[in-house]
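Coordinates from model_12.txt are shown below (compact mmCIF, C-alpha atoms).
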# COMPACT_ATOMS: atom_id res chain seq x y z
CA MET A 1 0.00 0.00 0.00
CA ARG A 2 2.78 2.36 1.02
CA THR A 3 4.82 1.54 -2.13
CA ARG A 4 1.81 2.24 -4.35
CA SER A 5 1.06 5.58 -2.78
CA ARG A 6 4.72 6.54 -3.19
CA GLU A 7 4.56 5.56 -6.87
CA ASP A 8 1.39 7.63 -7.28
CA ARG A 9 3.16 10.58 -5.72
CA ILE A 10 6.11 10.28 -8.09
CA LEU A 11 3.75 9.95 -11.06
CA LEU A 12 1.90 13.08 -9.94
CA LEU A 13 5.14 15.05 -9.70
CA ILE A 14 6.20 13.86 -13.17
CA PHE A 15 2.76 14.81 -14.53
CA VAL A 16 3.00 18.30 -13.03
CA ALA A 17 6.51 18.76 -14.42
CA LEU A 18 5.44 17.65 -17.90
CA LEU A 19 2.38 19.90 -17.79
CA SER A 20 4.55 22.88 -16.83
CA TRP A 21 6.92 22.09 -19.68
CA LEU A 22 4.13 21.60 -22.24
CA VAL A 23 2.57 25.01 -21.56
CA PRO A 24 4.41 27.46 -19.26
CA GLY A 25 2.24 28.11 -16.23
CA ALA A 26 -0.07 25.12 -16.82
CA GLY A 27 1.31 23.34 -13.75
CA TYR A 28 0.36 26.28 -11.54
CA PHE A 29 -3.06 26.37 -13.19
CA TRP A 30 -3.56 22.69 -12.39
CA LEU A 31 -2.55 23.36 -8.78
CA LYS A 32 -5.21 26.10 -8.70
CA GLU A 33 -2.63 28.89 -8.51
CA ARG A 34 -4.38 30.91 -11.23
CA LYS A 35 -2.63 34.26 -10.66
CA ARG A 36 0.81 32.67 -10.74
CA ALA A 37 -0.17 30.75 -13.88
CA VAL A 38 -1.27 33.91 -15.70
CA ILE A 39 1.88 35.85 -14.71
CA VAL A 40 4.23 33.01 -15.66
CA PHE A 41 2.51 32.22 -18.97
CA THR A 42 2.30 35.86 -20.06
CA THR A 43 5.86 36.76 -19.07
CA ILE A 44 7.50 33.68 -20.58
CA ALA A 45 5.45 33.84 -23.79
CA VAL A 46 6.15 37.57 -24.27
CA THR A 47 9.89 37.14 -23.57
CA PHE A 48 10.18 34.19 -25.95
CA TRP A 49 8.26 35.83 -28.81
CA LEU A 50 10.11 39.12 -28.30
CA GLY A 51 13.34 37.16 -28.80
CA ILE A 52 11.93 35.60 -31.96
CA TYR A 53 10.80 39.04 -33.18
CA ILE A 54 14.24 40.56 -32.59
CA GLY A 55 16.35 37.76 -34.05
CA SER A 56 13.80 35.91 -36.28
CA ILE A 57 13.10 32.18 -35.99
CA GLY A 58 16.69 31.68 -37.19
CA VAL A 59 17.82 32.06 -33.55
CA ILE A 60 16.42 28.58 -32.90
CA ASP A 61 19.15 26.49 -34.44
CA PRO A 62 19.39 22.85 -33.26
CA ILE A 63 22.46 22.23 -35.45
CA LEU A 64 24.89 25.14 -35.05
CA ALA A 65 23.74 26.53 -31.68
CA LYS A 66 23.11 23.40 -29.61
CA PRO A 67 23.77 24.90 -26.12
CA TRP A 68 21.32 27.75 -26.81
CA TYR A 69 18.82 25.26 -28.25
CA ALA A 70 19.04 23.17 -25.06
CA ALA A 71 17.88 26.19 -23.06
CA GLN A 72 15.29 27.25 -25.68
CA ILE A 73 13.54 23.87 -25.76
CA ILE A 74 12.76 24.15 -22.03
CA ASN A 75 10.14 26.74 -23.05
CA SER A 76 7.94 24.03 -24.53
CA PRO A 77 8.34 20.95 -26.74
CA ALA A 78 6.68 23.06 -29.47
CA VAL A 79 10.03 24.86 -29.84
CA ALA A 80 11.33 21.68 -31.52
CA LEU A 81 8.83 22.26 -34.35
CA LEU A 82 10.12 25.81 -34.82
CA GLY A 83 13.69 24.50 -34.71
CA HIS A 84 12.87 21.87 -37.32
CA ALA A 85 11.26 24.48 -39.57
CA ALA A 86 14.02 27.03 -39.08
CA ALA A 87 17.11 24.79 -39.15
CA GLY A 88 19.49 26.56 -41.50
CA ASN A 89 16.72 28.24 -43.54
CA PHE A 90 16.82 31.65 -41.85
CA PRO A 91 20.45 32.54 -41.13
CA VAL A 92 20.89 35.42 -38.68
CA TYR A 93 24.15 36.96 -37.51
CA GLY A 94 25.53 39.64 -35.21
CA ARG A 95 23.72 41.56 -32.49
CA PRO A 96 20.13 40.52 -33.44
CA ASN A 97 21.23 36.88 -33.20
CA GLU A 98 22.80 37.44 -29.78
CA VAL A 99 19.84 39.38 -28.36
CA GLY A 100 17.31 36.91 -29.80
CA GLN A 101 19.19 33.91 -28.43
CA ILE A 102 19.55 35.51 -25.00
CA TYR A 103 15.82 36.34 -24.82
CA THR A 104 14.61 32.91 -25.99
CA SER A 105 17.12 31.03 -23.80
CA VAL A 106 16.46 33.10 -20.68
CA SER A 107 12.71 32.53 -21.10
CA GLY A 108 13.46 28.79 -21.26
CA LEU A 109 15.54 28.96 -18.09
CA LEU A 110 12.78 30.93 -16.37
CA ASN A 111 10.39 28.14 -17.31
CA LEU A 112 12.85 25.63 -15.79
CA LEU A 113 12.65 27.62 -12.56
CA CYS A 114 8.85 27.45 -12.74
CA ILE A 115 8.88 23.69 -13.47
CA VAL A 116 11.06 23.05 -10.40
CA ASN A 117 8.88 25.37 -8.28
CA THR A 118 5.65 23.68 -9.46
CA VAL A 119 7.03 20.22 -8.62
CA HIS A 120 8.09 21.51 -5.19
CA LEU A 121 4.65 23.02 -4.60
CA ALA A 122 2.91 19.76 -5.60
CA HIS A 123 5.27 17.76 -3.37
CA VAL A 124 4.57 20.00 -0.35
CA ARG A 125 0.80 19.73 -0.87
CA VAL A 126 0.87 15.93 -1.23
CA ALA A 127 3.05 15.63 1.89
CA ARG A 128 0.60 17.84 3.84
CA GLN A 129 -2.38 15.77 2.66
CA SER A 130 -0.74 12.47 3.60
CA ARG A 131 0.05 13.86 7.06
CA GLY A 132 -3.63 14.70 7.45
CA MET B 1 -21.84 29.15 -48.16
CA CYS B 2 -18.25 28.90 -49.41
CA GLY B 3 -18.12 32.05 -51.56
CA TRP B 4 -15.22 34.43 -52.18
CA PRO B 5 -13.70 35.86 -49.01
CA GLY B 6 -14.87 39.37 -48.12
CA ARG B 7 -12.73 42.49 -47.88
CA ALA B 8 -12.37 42.10 -44.10
CA GLU B 9 -11.19 38.47 -44.40
CA VAL B 10 -8.61 39.37 -47.05
CA LYS B 11 -7.35 42.26 -44.90
CA MET B 12 -7.06 40.01 -41.84
CA PHE B 13 -5.28 37.28 -43.83
CA THR B 14 -2.82 39.84 -45.21
CA GLU B 15 -2.12 41.16 -41.71
CA VAL B 16 -1.47 37.63 -40.42
CA VAL B 17 0.90 36.94 -43.34
CA PHE B 18 2.81 40.16 -42.62
CA LEU B 19 2.96 39.29 -38.92
CA VAL B 20 4.36 35.80 -39.60
CA ALA B 21 6.76 37.20 -42.24
CA SER B 22 8.12 39.68 -39.69
CA LEU B 23 9.29 36.70 -37.62
CA THR B 24 11.46 35.37 -40.46
CA ALA B 25 13.74 38.41 -40.74
CA PRO B 26 15.74 39.91 -37.85
CA GLU B 27 15.25 43.42 -36.55
CA GLU B 28 18.13 45.87 -36.81
CA VAL B 29 20.02 46.06 -33.52
CA GLY B 30 23.16 48.14 -33.80
CA THR B 31 26.19 48.20 -31.54
CA THR B 32 25.08 51.50 -30.05
CA LEU B 33 24.45 52.65 -26.51
CA GLN B 34 20.71 52.55 -27.19
CA SER B 35 20.90 48.80 -27.92
CA MET B 36 21.70 48.36 -24.21
CA LEU B 37 18.06 49.27 -23.56
CA TRP B 38 17.13 45.73 -24.71
CA LEU B 39 18.32 44.75 -21.23
CA LEU B 40 15.27 46.38 -19.62
CA PRO B 41 12.45 44.05 -20.83
CA LEU B 42 14.60 41.01 -20.02
CA ALA B 43 15.33 42.24 -16.49
CA ALA B 44 11.61 42.97 -16.01
CA ALA B 45 10.71 39.43 -17.17
CA ILE B 46 13.27 37.85 -14.82
CA ALA B 47 12.01 39.94 -11.88
CA ALA B 48 8.34 39.14 -12.60
CA VAL B 49 8.79 35.37 -12.95
CA TYR B 50 11.14 35.14 -9.96
CA LYS B 51 8.72 37.01 -7.73
CA ALA B 52 5.77 34.95 -9.05
CA THR B 53 7.56 31.81 -7.83
CA LYS B 54 8.72 33.28 -4.50
CA LEU B 55 5.75 35.18 -3.06
CA PRO B 56 3.65 32.98 -0.73
CA LYS B 57 0.43 34.75 -1.77
CA ILE B 58 0.09 36.96 -4.83
CA THR B 59 -1.67 40.29 -4.46
CA ALA B 60 -1.37 42.99 -7.13
CA GLY B 61 0.14 45.64 -4.85
CA ARG B 62 2.73 43.43 -3.18
CA PHE B 63 3.67 41.69 -6.44
CA LEU B 64 4.24 44.97 -8.28
CA LYS B 65 6.22 46.43 -5.37
CA GLU B 66 8.49 43.41 -5.00
CA THR B 67 8.97 43.07 -8.76
CA ALA B 68 9.88 46.76 -9.08
CA ALA B 69 12.40 46.43 -6.22
CA LEU B 70 14.07 43.39 -7.80
CA PHE B 71 14.04 45.04 -11.26
CA GLY B 72 15.74 48.10 -9.77
CA SER B 73 18.40 46.05 -7.98
CA ILE B 74 19.17 44.06 -11.17
CA ILE B 75 19.61 47.27 -13.16
CA LEU B 76 21.77 48.85 -10.44
CA PHE B 77 23.98 45.75 -10.23
CA VAL B 78 24.39 45.61 -14.04
CA ALA B 79 25.21 49.33 -14.14
CA ALA B 80 27.76 48.95 -11.32
CA THR B 81 29.38 45.94 -13.05
CA ALA B 82 29.52 47.85 -16.35
CA LEU B 83 31.16 50.80 -14.59
CA VAL B 84 33.79 48.60 -12.91
CA LEU B 85 34.58 46.83 -16.21
CA HIS B 86 34.76 50.17 -18.04
CA VAL B 87 37.20 51.57 -15.46
CA ALA B 88 39.28 48.34 -15.55
CA ALA B 89 39.43 48.46 -19.36
CA TRP B 90 40.41 52.17 -19.24
CA LEU B 91 43.19 51.46 -16.68
CA ILE B 92 44.56 48.47 -18.63
CA SER B 93 44.46 50.06 -22.08
CA GLY B 94 45.62 53.45 -20.80
Go ahead and express the file in the form of structure tokens.
Amino acid sequence: MRTRSREDRILLLIFVALLSWLVPGAGYFWLKERKRAVIVFTTIAVTFWLGIYIGSIGVIDPILAKPWYAAQIINSPAVALLGHAAAGNFPVYGRPNEVGQIYTSVSGLLNLLCIVNTVHLAHVRVARQSRG
Amino acid sequence: MCGWPGRAEVKMFTEVVFLVASLTAPEEVGTTLQSMLWLLPLAAAIAAVYKATKLPKITAGRFLKETAALFGSIILFVAATALVLHVAAWLISG
């Protein structure tokens, strides 16, 4: 019984993490933290799309800019579609490339912070419930 | 039912095409002092998300106050670092 409840808990935390990755802020929304969800979704989406606007979708380059891409894909798995579409087709150089990459990567890292925080929040709530 | 699109539909479609097209070409960002202003929206985003994760309960007043304080401290720290690096570069290069 104890093993099963522990497995359920781990599955719940994985579900919350995946939800937060799929759509920034969705994990908070699921945990009924609506205000946090709105702030996180709006801020991350605006930062990411501002980066794309500045540097074009060429800043998402899974071939020549792998470290940046690793941070960008934390925004959402949907970034992989953009990366697949953009790969090598929209070359961008210089300052717009730098600024665009920094914006899109920082928004990804901010989403990583939110994913970790959502998992922590879910863990604390489950622990409180199990204690009674 | 499926007739020719109206003037409004064509206008909207054109606007969407222009919007998507604007994402396929980079904006012009020069190596000027003004380009440093691109730091501001990023610092604001970092402050907002960080405070959204840290505050135990979110109320508009407290959130805005805390976010503004963090935004200000980020900008001050960046400005101080830039000043120190500028002075170091000036001392080294003469």
Next item on the list: Identify every residue of chain A that has at least one atom within 10 Å of any atom of chain B, counting all atoms listed in the file, and report the result as a ChimeraX atom specification.
Entry: /A:28,33-44,46-47,49-59,86,89-100,102-103,106-107,109-111,113-118,121
Only C-alpha atoms, please: the residues just picked out, written as a PDB file, in the coordinates of the input.
ATOM      1  CA  TYR A  28       0.360  26.280 -11.540  1.00  0.00           C
ATOM      2  CA  GLU A  33      -2.630  28.890  -8.510  1.00  0.00           C
ATOM      3  CA  ARG A  34      -4.380  30.910 -11.230  1.00  0.00           C
ATOM      4  CA  LYS A  35      -2.630  34.260 -10.660  1.00  0.00           C
ATOM      5  CA  ARG A  36       0.810  32.670 -10.740  1.00  0.00           C
ATOM      6  CA  ALA A  37      -0.170  30.750 -13.880  1.00  0.00           C
ATOM      7  CA  VAL A  38      -1.270  33.910 -15.700  1.00  0.00           C
ATOM      8  CA  ILE A  39       1.880  35.850 -14.710  1.00  0.00           C
ATOM      9  CA  VAL A  40       4.230  33.010 -15.660  1.00  0.00           C
ATOM     10  CA  PHE A  41       2.510  32.220 -18.970  1.00  0.00           C
ATOM     11  CA  THR A  42       2.300  35.860 -20.060  1.00  0.00           C
ATOM     12  CA  THR A  43       5.860  36.760 -19.070  1.00  0.00           C
ATOM     13  CA  ILE A  44       7.500  33.680 -20.580  1.00  0.00           C
ATOM     14  CA  VAL A  46       6.150  37.570 -24.270  1.00  0.00           C
ATOM     15  CA  THR A  47       9.890  37.140 -23.570  1.00  0.00           C
ATOM     16  CA  TRP A  49       8.260  35.830 -28.810  1.00  0.00           C
ATOM     17  CA  LEU A  50      10.110  39.120 -28.300  1.00  0.00           C
ATOM     18  CA  GLY A  51      13.340  37.160 -28.800  1.00  0.00           C
ATOM     19  CA  ILE A  52      11.930  35.600 -31.960  1.00  0.00           C
ATOM     20  CA  TYR A  53      10.800  39.040 -33.180  1.00  0.00           C
ATOM     21  CA  ILE A  54      14.240  40.560 -32.590  1.00  0.00           C
ATOM     22  CA  GLY A  55      16.350  37.760 -34.050  1.00  0.00           C
ATOM     23  CA  SER A  56      13.800  35.910 -36.280  1.00  0.00           C
ATOM     24  CA  ILE A  57      13.100  32.180 -35.990  1.00  0.00           C
ATOM     25  CA  GLY A  58      16.690  31.680 -37.190  1.00  0.00           C
ATOM     26  CA  VAL A  59      17.820  32.060 -33.550  1.00  0.00           C
ATOM     27  CA  ALA A  86      14.020  27.030 -39.080  1.00  0.00           C
ATOM     28  CA  ASN A  89      16.720  28.240 -43.540  1.00  0.00           C
ATOM     29  CA  PHE A  90      16.820  31.650 -41.850  1.00  0.00           C
ATOM     30  CA  PRO A  91      20.450  32.540 -41.130  1.00  0.00           C
ATOM     31  CA  VAL A  92      20.890  35.420 -38.680  1.00  0.00           C
ATOM     32  CA  TYR A  93      24.150  36.960 -37.510  1.00  0.00           C
ATOM     33  CA  GLY A  94      25.530  39.640 -35.210  1.00  0.00           C
ATOM     34  CA  ARG A  95      23.720  41.560 -32.490  1.00  0.00           C
ATOM     35  CA  PRO A  96      20.130  40.520 -33.440  1.00  0.00           C
ATOM     36  CA  ASN A  97      21.230  36.880 -33.200  1.00  0.00           C
ATOM     37  CA  GLU A  98      22.800  37.440 -29.780  1.00  0.00           C
ATOM     38  CA  VAL A  99      19.840  39.380 -28.360  1.00  0.00           C
ATOM     39  CA  GLY A 100      17.310  36.910 -29.800  1.00  0.00           C
ATOM     40  CA  ILE A 102      19.550  35.510 -25.000  1.00  0.00           C
ATOM     41  CA  TYR A 103      15.820  36.340 -24.820  1.00  0.00           C
ATOM     42  CA  VAL A 106      16.460  33.100 -20.680  1.00  0.00           C
ATOM     43  CA  SER A 107      12.710  32.530 -21.100  1.00  0.00           C
ATOM     44  CA  LEU A 109      15.540  28.960 -18.090  1.00  0.00           C
ATOM     45  CA  LEU A 110      12.780  30.930 -16.370  1.00  0.00           C
ATOM     46  CA  ASN A 111      10.390  28.140 -17.310  1.00  0.00           C
ATOM     47  CA  LEU A 113      12.650  27.620 -12.560  1.00  0.00           C
ATOM     48  CA  CYS A 114       8.850  27.450 -12.740  1.00  0.00           C
ATOM     49  CA  ILE A 115       8.880  23.690 -13.470  1.00  0.00           C
ATOM     50  CA  VAL A 116      11.060  23.050 -10.400  1.00  0.00           C
ATOM     51  CA  ASN A 117       8.880  25.370  -8.280  1.00  0.00           C
ATOM     52  CA  THR A 118       5.650  23.680  -9.460  1.00  0.00           C
ATOM     53  CA  LEU A 121       4.650  23.020  -4.600  1.00  0.00           C
TER      54      LEU A 121
END
Can you report as JSON the centre and edge lengths in Å, to one decimal, of an axis-aligned box around the listed atoms of range 5-17 of chain B padded with 5 Å on each side?
{"center_x": -7.0, "center_y": 39.2, "center_z": -44.7, "size_x": 25.8, "size_y": 16.6, "size_z": 18.6}
Margin query: Quick one: residues within 9 Å of Asp61 in chain A, only C-alpha atoms, excluding same-chain residues fewer than 6 positions away - as a list in words?
Written below: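 Selected residues are Trp68, Tyr69, Gly83, His84, Ala86, Ala87 and Gly88 of chain A.
As for CA of Leu40 in chain B and CA of Gly72 in chain B, they are spaced 10.0 Å apart.
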Margin query: As an exercise, work out the distance from CA of Trp21 in chain A to CA of Leu112 in chain A in Å and give it to one decimal place.
Written below: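 Between CA of Trp21 in chain A and CA of Leu112 in chain A the gap works out to 7.9 Å.
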Next item on the list: Please provide the set of residues having any atom within 10 Å of Leu19 in chain A, restricted to only C-alpha atoms, with same-chain residues fewer than 6 positions apart removed, written as a PyMOL selection string.
Entry: chain A and resi 13+25-30+76+115+118
Notebook entry, point to check: So how far away is CA of Lys32 in chain A from CA of Ile14 in chain A, in Å?
Noted result: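 Pair CA of Ile14 in chain A / CA of Lys32 in chain A returns 17.3 Å.
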Neighbouring residues of Ala70 in chain A were defined as those with any atom within 10 Å, considering all atoms listed in the file; residues of the same chain fewer than 3 positions away were excluded. Please report them as an mmCIF file with C-alpha atoms, in the coordinates of the input.
data_model
loop_
_atom_site.group_PDB
_atom_site.id
_atom_site.type_symbol
_atom_site.label_atom_id
_atom_site.label_comp_id
_atom_site.auth_asym_id
_atom_site.auth_seq_id
_atom_site.Cartn_x
_atom_site.Cartn_y
_atom_site.Cartn_z
ATOM 1 C CA ILE A 60 16.420 28.580 -32.900
ATOM 2 C CA ASP A 61 19.150 26.490 -34.440
ATOM 3 C CA PRO A 62 19.390 22.850 -33.260
ATOM 4 C CA ALA A 65 23.740 26.530 -31.680
ATOM 5 C CA LYS A 66 23.110 23.400 -29.610
ATOM 6 C CA PRO A 67 23.770 24.900 -26.120
ATOM 7 C CA ILE A 73 13.540 23.870 -25.760
ATOM 8 C CA ILE A 74 12.760 24.150 -22.030
ATOM 9 C CA ASN A 75 10.140 26.740 -23.050
ATOM 10 C CA SER A 105 17.120 31.030 -23.800
ATOM 11 C CA GLY A 108 13.460 28.790 -21.260
ATOM 12 C CA LEU A 109 15.540 28.960 -18.090
#
